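Data first, discussion second: the structure below is written as structure tokens.
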Amino acid sequence: MSNVGIVIVSHSPLVAEGTADMVRQMVGDEVPLAWCGGNGHGGLGTSVEAIMGAIDKAWSEAGVAILVDLGGAETNSEMAVEMIGEPRAHRIVVCNAPIVEGAVMAATESSGGASLKEVVATAHELSPS
Amino acid sequence: MAASDFSRLIAAAADTIAAHADELTALDQAIGDGDHGLNMKRGFEAVRAEKDAFAAKSLPDALKAVGTKLVMTVGGASGPLFGTLFMALGKELSPAPDRAALTAALGKAIAAVSARGKSQPGQKTMLDVLQPVYEALAQGKTASEIADAADHAADATVPMKALRGRASFLGERSIGHMDAGARSTALLVRAVAETVEGF
């Protein structure tokens, strides 16, 4: 059974890459991991095309959990999932969790072989309800 | 719809966005992140570049292609929001819709945009223009009356407090500025209305 993939989507490539660094150092290499950030034109923002690429890169048969920062990152991630379509879309979840803590906790859960549902639930526990 | 008509619609939409790009950016600088004009212009120029290929498709497929291109090129949250509008219209419309079918499809496309943005009319967004346009279309208004309704609706976002998007971070300070997405939606509605009148 493969580990759930983690995708980090920030408006800032520096935040996304830094968050991915933390995941690698704290959790290790067995979790498929990809990040993207920036609008593709050198500015802050997120790009649907880049998010689709990151999902491909972190793809796992066990599914992919996406961690986002601000609203536009969530909207663009949901759009990317819709454009990827079935049969993969139902195995991709955009998490409602703080991006750094969410990514580290989700990756930790994934590294232990947890299911997508368990990984997402762990990330969601970090979110104030 | 003839391919040449669809080409003219794309050209009219791209023209109005290009002509008002600086104004849209200024509106967005007041209460957003200041990239709306440039982003929309980039997206609609990308659509314009492929207008003949898009126009050769059936109306539903052409609208879906426009939507997908906007998603991929506009950037920001506007790409998925405007892209969803066109993609949903393409999904709902038949190749030769009558006015009733167009009205019904617009209603469903507005619901899709609302779901994508997790927003409702009254929150100072493009929905505040789309909803009155839908109502005017349903009431049998003429193309120029629909364009006027869109302009009035965009003006009516000035006193609203933003509840969604970047402008919502400003809270009360968003009051007194027109929403850039509402303005670009009204521009597109007028471009379509004036082009259709000439068919």
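Going by the structure tokens order, chains are called A, B, ..., each with residues numbered from 1, while ligands are numbered from 1 in the order shown.
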Find the residues near Val71 in chain B: any atom within 10 Å, counting only C-alpha atoms, skip ones fewer than 5 places away on the same chain, and give them as a PDB file with N, CA and C atoms, in the first residue's frame.
```pdb
ATOM      1  N   SER A  47      -1.598  29.071  -9.215  1.00  0.00           N
ATOM      2  CA  SER A  47      -1.914  28.745 -10.598  1.00  0.00           C
ATOM      3  C   SER A  47      -2.527  27.355 -10.671  1.00  0.00           C
ATOM      4  N   VAL A  48      -3.680  27.268 -11.311  1.00  0.00           N
ATOM      5  CA  VAL A  48      -4.355  25.973 -11.438  1.00  0.00           C
ATOM      6  C   VAL A  48      -3.450  24.966 -12.159  1.00  0.00           C
ATOM      7  N   GLU A  49      -2.781  25.442 -13.198  1.00  0.00           N
ATOM      8  CA  GLU A  49      -1.899  24.552 -13.962  1.00  0.00           C
ATOM      9  C   GLU A  49      -0.777  24.006 -13.064  1.00  0.00           C
ATOM     10  N   ASN A  76      -8.469  27.752  -6.249  1.00  0.00           N
ATOM     11  CA  ASN A  76      -7.700  27.215  -7.371  1.00  0.00           C
ATOM     12  C   ASN A  76      -7.428  25.726  -7.205  1.00  0.00           C
ATOM     13  N   MET A  79     -10.553  23.906  -8.153  1.00  0.00           N
ATOM     14  CA  MET A  79     -10.672  23.929  -9.614  1.00  0.00           C
ATOM     15  C   MET A  79      -9.749  22.882 -10.240  1.00  0.00           C
ATOM     16  N   ALA A  80      -8.526  22.786  -9.719  1.00  0.00           N
ATOM     17  CA  ALA A  80      -7.558  21.816 -10.256  1.00  0.00           C
ATOM     18  C   ALA A  80      -8.076  20.391 -10.092  1.00  0.00           C
ATOM     19  N   MET A  83     -10.718  19.744 -12.636  1.00  0.00           N
ATOM     20  CA  MET A  83     -10.202  19.589 -13.996  1.00  0.00           C
ATOM     21  C   MET A  83      -9.457  18.261 -14.170  1.00  0.00           C
TER      22      MET A  83
ATOM     23  N   GLY B  43      -5.795  36.749 -19.730  1.00  0.00           N
ATOM     24  CA  GLY B  43      -6.694  35.632 -20.008  1.00  0.00           C
ATOM     25  C   GLY B  43      -7.489  35.825 -21.288  1.00  0.00           C
ATOM     26  N   ALA B  65     -14.185  25.462 -23.870  1.00  0.00           N
ATOM     27  CA  ALA B  65     -12.790  25.756 -24.220  1.00  0.00           C
ATOM     28  C   ALA B  65     -12.391  27.141 -23.732  1.00  0.00           C
ATOM     29  N   VAL B  66     -13.304  28.114 -23.862  1.00  0.00           N
ATOM     30  CA  VAL B  66     -13.030  29.460 -23.356  1.00  0.00           C
ATOM     31  C   VAL B  66     -12.820  29.406 -21.842  1.00  0.00           C
ATOM     32  N   GLY B  76      -4.818  34.059 -10.251  1.00  0.00           N
ATOM     33  CA  GLY B  76      -5.611  34.541  -9.121  1.00  0.00           C
ATOM     34  C   GLY B  76      -6.858  33.701  -8.964  1.00  0.00           C
ATOM     35  N   ALA B  77      -7.765  34.154  -8.112  1.00  0.00           N
ATOM     36  CA  ALA B  77      -9.013  33.415  -7.943  1.00  0.00           C
ATOM     37  C   ALA B  77      -9.983  33.730  -9.078  1.00  0.00           C
ATOM     38  N   SER B  78      -9.732  34.820  -9.830  1.00  0.00           N
ATOM     39  CA  SER B  78     -10.646  35.180 -10.914  1.00  0.00           C
ATOM     40  C   SER B  78     -10.646  34.135 -12.027  1.00  0.00           C
ATOM     41  N   GLY B  79      -9.519  33.476 -12.255  1.00  0.00           N
ATOM     42  CA  GLY B  79      -9.442  32.463 -13.310  1.00  0.00           C
ATOM     43  C   GLY B  79     -10.475  31.372 -13.115  1.00  0.00           C
ATOM     44  N   PRO B  80     -10.443  30.682 -11.960  1.00  0.00           N
ATOM     45  CA  PRO B  80     -11.461  29.657 -11.710  1.00  0.00           C
ATOM     46  C   PRO B  80     -12.887  30.210 -11.674  1.00  0.00           C
ATOM     47  N   LEU B  81     -13.069  31.443 -11.207  1.00  0.00           N
ATOM     48  CA  LEU B  81     -14.440  31.969 -11.087  1.00  0.00           C
ATOM     49  C   LEU B  81     -15.017  32.306 -12.464  1.00  0.00           C
ATOM     50  N   PHE B  82     -14.286  33.055 -13.273  1.00  0.00           N
ATOM     51  CA  PHE B  82     -14.771  33.353 -14.628  1.00  0.00           C
ATOM     52  C   PHE B  82     -14.745  32.090 -15.490  1.00  0.00           C
ATOM     53  N   GLY B  83     -13.716  31.258 -15.287  1.00  0.00           N
ATOM     54  CA  GLY B  83     -13.640  30.010 -16.041  1.00  0.00           C
ATOM     55  C   GLY B  83     -14.830  29.109 -15.754  1.00  0.00           C
ATOM     56  N   THR B  84     -15.207  29.020 -14.486  1.00  0.00           N
ATOM     57  CA  THR B  84     -16.356  28.191 -14.104  1.00  0.00           C
ATOM     58  C   THR B  84     -17.636  28.705 -14.749  1.00  0.00           C
ATOM     59  N   PHE B  86     -18.018  30.187 -17.678  1.00  0.00           N
ATOM     60  CA  PHE B  86     -18.075  29.763 -19.085  1.00  0.00           C
ATOM     61  C   PHE B  86     -18.171  28.242 -19.210  1.00  0.00           C
ATOM     62  N   MET B  87     -17.433  27.517 -18.377  1.00  0.00           N
ATOM     63  CA  MET B  87     -17.473  26.047 -18.450  1.00  0.00           C
ATOM     64  C   MET B  87     -18.869  25.535 -18.107  1.00  0.00           C
TER      65      MET B  87
END
```
Identify, on the basis of only C-alpha atoms, every residue whose closest approach to Ala191 in chain B does not exceed 10 Å; exclude the query and any residue fewer than 4 positions from it along the same chain; express the result as a VMD selection string.
chain B and resid 8 to 17 147 185 to 187 195 to 196
Kindly save the residues from that selection, with N, CA and C atoms included, as a PDB file, in the first residue's frame.
```pdb
ATOM      1  N   ARG B   8     -16.784  37.010 -33.161  1.00  0.00           N
ATOM      2  CA  ARG B   8     -17.034  38.425 -32.858  1.00  0.00           C
ATOM      3  C   ARG B   8     -17.284  38.634 -31.364  1.00  0.00           C
ATOM      4  N   LEU B   9     -17.986  37.681 -30.734  1.00  0.00           N
ATOM      5  CA  LEU B   9     -18.226  37.787 -29.288  1.00  0.00           C
ATOM      6  C   LEU B   9     -16.904  37.759 -28.517  1.00  0.00           C
ATOM      7  N   ILE B  10     -16.023  36.852 -28.894  1.00  0.00           N
ATOM      8  CA  ILE B  10     -14.724  36.764 -28.211  1.00  0.00           C
ATOM      9  C   ILE B  10     -13.941  38.060 -28.405  1.00  0.00           C
ATOM     10  N   ALA B  11     -13.928  38.557 -29.639  1.00  0.00           N
ATOM     11  CA  ALA B  11     -13.179  39.792 -29.916  1.00  0.00           C
ATOM     12  C   ALA B  11     -13.740  40.950 -29.110  1.00  0.00           C
ATOM     13  N   ALA B  12     -15.071  41.047 -29.038  1.00  0.00           N
ATOM     14  CA  ALA B  12     -15.698  42.144 -28.284  1.00  0.00           C
ATOM     15  C   ALA B  12     -15.362  42.041 -26.798  1.00  0.00           C
ATOM     16  N   ALA B  13     -15.380  40.818 -26.263  1.00  0.00           N
ATOM     17  CA  ALA B  13     -15.047  40.625 -24.844  1.00  0.00           C
ATOM     18  C   ALA B  13     -13.596  41.001 -24.581  1.00  0.00           C
ATOM     19  N   ALA B  14     -12.695  40.525 -25.433  1.00  0.00           N
ATOM     20  CA  ALA B  14     -11.265  40.823 -25.247  1.00  0.00           C
ATOM     21  C   ALA B  14     -11.004  42.319 -25.417  1.00  0.00           C
ATOM     22  N   ASP B  15     -11.695  42.953 -26.379  1.00  0.00           N
ATOM     23  CA  ASP B  15     -11.514  44.395 -26.597  1.00  0.00           C
ATOM     24  C   ASP B  15     -11.888  45.199 -25.360  1.00  0.00           C
ATOM     25  N   THR B  16     -13.052  44.891 -24.778  1.00  0.00           N
ATOM     26  CA  THR B  16     -13.503  45.705 -23.644  1.00  0.00           C
ATOM     27  C   THR B  16     -12.613  45.482 -22.424  1.00  0.00           C
ATOM     28  N   ILE B  17     -12.167  44.251 -22.207  1.00  0.00           N
ATOM     29  CA  ILE B  17     -11.256  44.002 -21.081  1.00  0.00           C
ATOM     30  C   ILE B  17      -9.934  44.743 -21.295  1.00  0.00           C
ATOM     31  N   ALA B 147     -27.677  45.169 -20.489  1.00  0.00           N
ATOM     32  CA  ALA B 147     -26.365  45.796 -20.292  1.00  0.00           C
ATOM     33  C   ALA B 147     -26.455  46.921 -19.262  1.00  0.00           C
ATOM     34  N   THR B 185     -17.371  41.946 -14.917  1.00  0.00           N
ATOM     35  CA  THR B 185     -18.548  41.178 -15.353  1.00  0.00           C
ATOM     36  C   THR B 185     -19.505  42.072 -16.140  1.00  0.00           C
ATOM     37  N   ALA B 186     -19.732  43.292 -15.638  1.00  0.00           N
ATOM     38  CA  ALA B 186     -20.624  44.228 -16.341  1.00  0.00           C
ATOM     39  C   ALA B 186     -20.054  44.590 -17.715  1.00  0.00           C
ATOM     40  N   LEU B 187     -18.738  44.769 -17.796  1.00  0.00           N
ATOM     41  CA  LEU B 187     -18.105  45.062 -19.085  1.00  0.00           C
ATOM     42  C   LEU B 187     -18.344  43.917 -20.072  1.00  0.00           C
ATOM     43  N   THR B 195     -22.865  43.132 -29.040  1.00  0.00           N
ATOM     44  CA  THR B 195     -22.515  42.294 -30.191  1.00  0.00           C
ATOM     45  C   THR B 195     -23.740  41.521 -30.680  1.00  0.00           C
ATOM     46  N   VAL B 196     -24.494  40.975 -29.733  1.00  0.00           N
ATOM     47  CA  VAL B 196     -25.672  40.173 -30.100  1.00  0.00           C
ATOM     48  C   VAL B 196     -26.709  41.044 -30.814  1.00  0.00           C
TER      49      VAL B 196
END
```
Identify, on the basis of only C-alpha atoms, every residue whose closest approach to range 99-107 of chain B does not exceed 10 Å; exclude the query and any residue fewer than 4 positions from it along the same chain; express the result as a ChimeraX atom specification.
/B:85-86,88-94,111-112,130-131,133-140
Output C-alpha atoms of each residue in that selection to a file, as a JSON list (two decimals), in the first residue's frame.
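This is the output file part08.json:
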```json
[["chain", "number", "residue", "atom", "x", "y", "z"],
["B", 85, "LEU", "CA", -18.97, 30.62, -15.47],
["B", 86, "PHE", "CA", -18.07, 29.76, -19.08],
["B", 88, "ALA", "CA", -20.84, 25.72, -16.71],
["B", 89, "LEU", "CA", -22.62, 27.59, -19.53],
["B", 90, "GLY", "CA", -21.00, 25.18, -21.97],
["B", 91, "LYS", "CA", -22.12, 22.22, -19.91],
["B", 92, "GLU", "CA", -25.73, 23.42, -19.65],
["B", 93, "LEU", "CA", -26.38, 24.81, -23.15],
["B", 94, "SER", "CA", -27.44, 22.91, -26.24],
["B", 111, "ALA", "CA", -24.97, 28.54, -9.02],
["B", 112, "ALA", "CA", -21.69, 26.94, -10.14],
["B", 130, "LEU", "CA", -24.67, 38.10, -12.60],
["B", 131, "GLN", "CA", -27.83, 37.73, -10.53],
["B", 133, "VAL", "CA", -28.47, 40.02, -15.37],
["B", 134, "TYR", "CA", -30.15, 36.65, -14.92],
["B", 135, "GLU", "CA", -33.31, 38.35, -13.64],
["B", 136, "ALA", "CA", -33.35, 40.83, -16.54],
["B", 137, "LEU", "CA", -32.91, 37.98, -19.00],
["B", 138, "ALA", "CA", -35.73, 36.04, -17.35],
["B", 139, "GLN", "CA", -37.99, 39.11, -17.50],
["B", 140, "GLY", "CA", -37.56, 39.39, -21.26]]
```
So which residues touch Ser168 in chain B within 12 Å, counting only C-alpha atoms, skipping near sequence neighbours fewer than 6 positions away, as JSON, numbers by chain?
{"A": [71], "B": [31, 32, 33, 119, 123, 124, 125, 160, 161, 162, 174, 175, 179]}
Neighbours of chain B in chain A at 12 Å, counting only C-alpha atoms, as a CSV table (one decimal) with N, CA and C atoms, in the first residue's frame:
```csv
chain,number,residue,atom,x,y,z
A,10,SER,N,0.8,27.4,-1.7
A,10,SER,CA,0.8,28.7,-1.1
A,10,SER,C,0.9,29.8,-2.2
A,11,HIS,N,0.4,31.0,-1.8
A,11,HIS,CA,0.6,32.2,-2.7
A,11,HIS,C,2.0,32.5,-2.9
A,37,GLY,N,3.8,27.4,-5.7
A,37,GLY,CA,3.5,28.8,-5.2
A,37,GLY,C,3.8,29.8,-6.2
A,38,GLY,N,3.1,30.9,-6.1
A,38,GLY,CA,3.3,32.0,-7.1
A,38,GLY,C,2.3,31.9,-8.2
A,39,ASN,N,2.1,33.0,-8.9
A,39,ASN,CA,1.1,33.0,-10.0
A,39,ASN,C,1.6,32.6,-11.4
A,40,GLY,N,2.9,32.2,-11.4
A,40,GLY,CA,3.4,31.7,-12.7
A,40,GLY,C,3.9,32.9,-13.5
A,41,HIS,N,3.8,34.1,-13.0
A,41,HIS,CA,4.3,35.3,-13.7
A,41,HIS,C,5.2,36.1,-12.8
A,42,GLY,N,5.8,35.4,-11.8
A,42,GLY,CA,6.7,36.1,-10.9
A,42,GLY,C,6.1,36.8,-9.7
A,43,GLY,N,4.8,36.8,-9.6
A,43,GLY,CA,4.1,37.5,-8.5
A,43,GLY,C,3.6,36.5,-7.5
A,44,LEU,N,3.0,37.0,-6.4
A,44,LEU,CA,2.3,36.1,-5.5
A,44,LEU,C,1.0,35.7,-6.1
A,45,GLY,N,0.6,34.5,-5.7
A,45,GLY,CA,-0.7,33.9,-6.2
A,45,GLY,C,-0.6,32.4,-6.4
A,46,THR,N,-1.6,31.8,-6.9
A,46,THR,CA,-1.6,30.4,-7.2
A,46,THR,C,-2.1,30.2,-8.6
A,47,SER,N,-1.6,29.1,-9.2
A,47,SER,CA,-1.9,28.7,-10.6
A,47,SER,C,-2.5,27.4,-10.7
A,48,VAL,N,-3.7,27.3,-11.3
A,48,VAL,CA,-4.4,26.0,-11.4
A,48,VAL,C,-3.4,25.0,-12.2
A,49,GLU,N,-2.8,25.4,-13.2
A,49,GLU,CA,-1.9,24.6,-14.0
A,49,GLU,C,-0.8,24.0,-13.1
A,50,ALA,N,-0.2,24.9,-12.3
A,50,ALA,CA,0.9,24.4,-11.4
A,50,ALA,C,0.4,23.5,-10.3
A,51,ILE,N,-0.8,23.7,-9.8
A,51,ILE,CA,-1.4,22.8,-8.8
A,51,ILE,C,-1.7,21.4,-9.4
A,52,MET,N,-2.2,21.4,-10.7
A,52,MET,CA,-2.4,20.1,-11.3
A,52,MET,C,-1.1,19.4,-11.5
A,70,LEU,N,-4.2,31.0,1.7
A,70,LEU,CA,-5.4,31.9,1.7
A,70,LEU,C,-6.4,31.4,0.7
A,71,GLY,N,-7.6,32.1,0.7
A,71,GLY,CA,-8.8,31.7,0.0
A,71,GLY,C,-8.5,31.3,-1.5
A,72,GLY,N,-7.8,32.1,-2.2
A,72,GLY,CA,-7.5,31.9,-3.6
A,72,GLY,C,-6.9,30.5,-3.9
A,73,ALA,N,-6.0,30.2,-2.9
A,73,ALA,CA,-5.3,28.9,-3.1
A,73,ALA,C,-6.3,27.7,-2.9
A,74,GLU,N,-7.3,27.9,-2.1
A,74,GLU,CA,-8.3,26.9,-1.9
A,74,GLU,C,-9.2,26.8,-3.2
A,75,THR,N,-9.6,28.0,-3.7
A,75,THR,CA,-10.5,28.0,-4.9
A,75,THR,C,-9.7,27.4,-6.1
A,76,ASN,N,-8.5,27.8,-6.2
A,76,ASN,CA,-7.7,27.2,-7.4
A,76,ASN,C,-7.4,25.7,-7.2
A,77,SER,N,-7.2,25.3,-6.0
A,77,SER,CA,-7.0,23.8,-5.7
A,77,SER,C,-8.3,23.0,-6.1
A,78,GLU,N,-9.4,23.6,-5.7
A,78,GLU,CA,-10.7,22.9,-6.0
A,78,GLU,C,-10.9,22.8,-7.5
A,79,MET,N,-10.6,23.9,-8.2
A,79,MET,CA,-10.7,23.9,-9.6
A,79,MET,C,-9.7,22.9,-10.2
A,80,ALA,N,-8.5,22.8,-9.7
A,80,ALA,CA,-7.6,21.8,-10.3
A,80,ALA,C,-8.1,20.4,-10.1
A,81,VAL,N,-8.7,20.1,-8.9
A,81,VAL,CA,-9.2,18.8,-8.7
A,81,VAL,C,-10.3,18.5,-9.7
A,82,GLU,N,-11.2,19.5,-9.9
A,82,GLU,CA,-12.3,19.3,-10.8
A,82,GLU,C,-11.8,19.0,-12.3
A,83,MET,N,-10.7,19.7,-12.6
A,83,MET,CA,-10.2,19.6,-14.0
A,83,MET,C,-9.5,18.3,-14.2
A,84,ILE,N,-8.8,17.8,-13.1
A,84,ILE,CA,-8.2,16.4,-13.2
A,84,ILE,C,-9.3,15.4,-13.4
```
What parts of chain A does DSSP call helix (DSSP H, G or I)? I'd like the answer as a VMD selection string.
chain A and resid 13 to 27 48 to 57 71 to 84 89 to 91 99 to 111 116 to 124
Selection file, C-alpha atoms, as an mmCIF file, in the first residue's frame:
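After the write, part03.cif holds the following:
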```
data_model
loop_
_atom_site.group_PDB
_atom_site.id
_atom_site.type_symbol
_atom_site.label_atom_id
_atom_site.label_comp_id
_atom_site.auth_asym_id
_atom_site.auth_seq_id
_atom_site.Cartn_x
_atom_site.Cartn_y
_atom_site.Cartn_z
ATOM 1 C CA PRO A 13 6.783 29.976 -3.533
ATOM 2 C CA LEU A 14 9.049 30.670 -0.547
ATOM 3 C CA VAL A 15 6.343 29.642 1.934
ATOM 4 C CA ALA A 16 5.483 26.534 -0.115
ATOM 5 C CA GLU A 17 9.094 25.440 -0.491
ATOM 6 C CA GLY A 18 9.884 26.190 3.158
ATOM 7 C CA THR A 19 6.885 24.169 4.305
ATOM 8 C CA ALA A 20 8.000 21.278 2.089
ATOM 9 C CA ASP A 21 11.503 21.510 3.624
ATOM 10 C CA MET A 22 9.994 21.191 7.095
ATOM 11 C CA VAL A 23 7.998 18.135 6.038
ATOM 12 C CA ARG A 24 11.083 16.480 4.535
ATOM 13 C CA GLN A 25 13.230 17.157 7.603
ATOM 14 C CA MET A 26 10.598 16.246 10.189
ATOM 15 C CA VAL A 27 8.885 13.356 8.442
ATOM 16 C CA VAL A 48 -4.355 25.973 -11.438
ATOM 17 C CA GLU A 49 -1.899 24.552 -13.962
ATOM 18 C CA ALA A 50 0.907 24.445 -11.367
ATOM 19 C CA ILE A 51 -1.404 22.815 -8.811
ATOM 20 C CA MET A 52 -2.396 20.136 -11.342
ATOM 21 C CA GLY A 53 1.323 19.520 -11.961
ATOM 22 C CA ALA A 54 2.039 19.230 -8.232
ATOM 23 C CA ILE A 55 -0.820 16.741 -7.797
ATOM 24 C CA ASP A 56 0.652 14.643 -10.628
ATOM 25 C CA LYS A 57 4.066 14.768 -8.996
ATOM 26 C CA GLY A 71 -8.773 31.695 -0.044
ATOM 27 C CA GLY A 72 -7.545 31.877 -3.636
ATOM 28 C CA ALA A 73 -5.296 28.869 -3.066
ATOM 29 C CA GLU A 74 -8.335 26.891 -1.924
ATOM 30 C CA THR A 75 -10.478 28.017 -4.892
ATOM 31 C CA ASN A 76 -7.700 27.215 -7.371
ATOM 32 C CA SER A 77 -6.999 23.841 -5.746
ATOM 33 C CA GLU A 78 -10.682 22.867 -5.960
ATOM 34 C CA MET A 79 -10.672 23.929 -9.614
ATOM 35 C CA ALA A 80 -7.558 21.816 -10.256
ATOM 36 C CA VAL A 81 -9.192 18.761 -8.686
ATOM 37 C CA GLU A 82 -12.283 19.259 -10.842
ATOM 38 C CA MET A 83 -10.202 19.589 -13.996
ATOM 39 C CA ILE A 84 -8.218 16.439 -13.185
ATOM 40 C CA ALA A 89 -10.679 13.429 -8.276
ATOM 41 C CA HIS A 90 -12.465 11.555 -5.472
ATOM 42 C CA ARG A 91 -9.074 10.561 -4.065
ATOM 43 C CA ILE A 99 -0.707 25.143 5.928
ATOM 44 C CA VAL A 100 2.513 24.494 7.874
ATOM 45 C CA GLU A 101 1.122 22.530 10.800
ATOM 46 C CA GLY A 102 -1.350 20.790 8.507
ATOM 47 C CA ALA A 103 1.335 19.659 6.079
ATOM 48 C CA VAL A 104 3.618 18.332 8.820
ATOM 49 C CA MET A 105 0.797 16.531 10.660
ATOM 50 C CA ALA A 106 -0.752 15.119 7.479
ATOM 51 C CA ALA A 107 2.646 13.888 6.274
ATOM 52 C CA THR A 108 3.379 12.333 9.663
ATOM 53 C CA GLU A 109 0.074 10.467 9.526
ATOM 54 C CA SER A 110 0.725 9.437 5.924
ATOM 55 C CA SER A 111 4.226 8.149 6.706
ATOM 56 C CA LEU A 116 -6.512 9.416 2.975
ATOM 57 C CA LYS A 117 -9.503 9.777 5.315
ATOM 58 C CA GLU A 118 -7.271 9.465 8.390
ATOM 59 C CA VAL A 119 -4.676 11.867 6.988
ATOM 60 C CA VAL A 120 -7.327 14.490 6.233
ATOM 61 C CA ALA A 121 -8.984 14.039 9.652
ATOM 62 C CA THR A 122 -5.630 14.623 11.369
ATOM 63 C CA ALA A 123 -5.110 17.863 9.430
ATOM 64 C CA HIS A 124 -8.665 19.025 10.122
#
```
Find the residues around Val64 in chain A up to 6 Å (only C-alpha atoms counted), leave out those fewer than 5 positions away in its own chain, and share them as an MDAnalysis selection string.
chainID A and resid 4:6 92
Nearby residues (only C-alpha atoms) at most 7 Å from Ala182 in chain B, same-chain spacing under 5 positions excluded, as number ranges by chain:
B: 125-126, 128-129, 154
I'd like the interatomic distance between CA of Ile146 in chain B and CA of Ser184 in chain B, to a tenth of an Å.
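Distance between the two atoms: 15.0 Å.
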In Å to one decimal, how far is CA of Ala193 in chain B from CA of Ala62 in chain B?
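Going from CA of Ala62 in chain B over to CA of Ala193 in chain B, I get 18.3 Å.
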CA of Pro97 in chain B to CA of Thr142 in chain B, straight-line distance in Å:
17.0 Å
Which one is closest to Ala65 in chain A: A:Gly85, A:Gly113, A:Pro32, A:Pro128? Count only C-alpha atoms.
A:Pro32
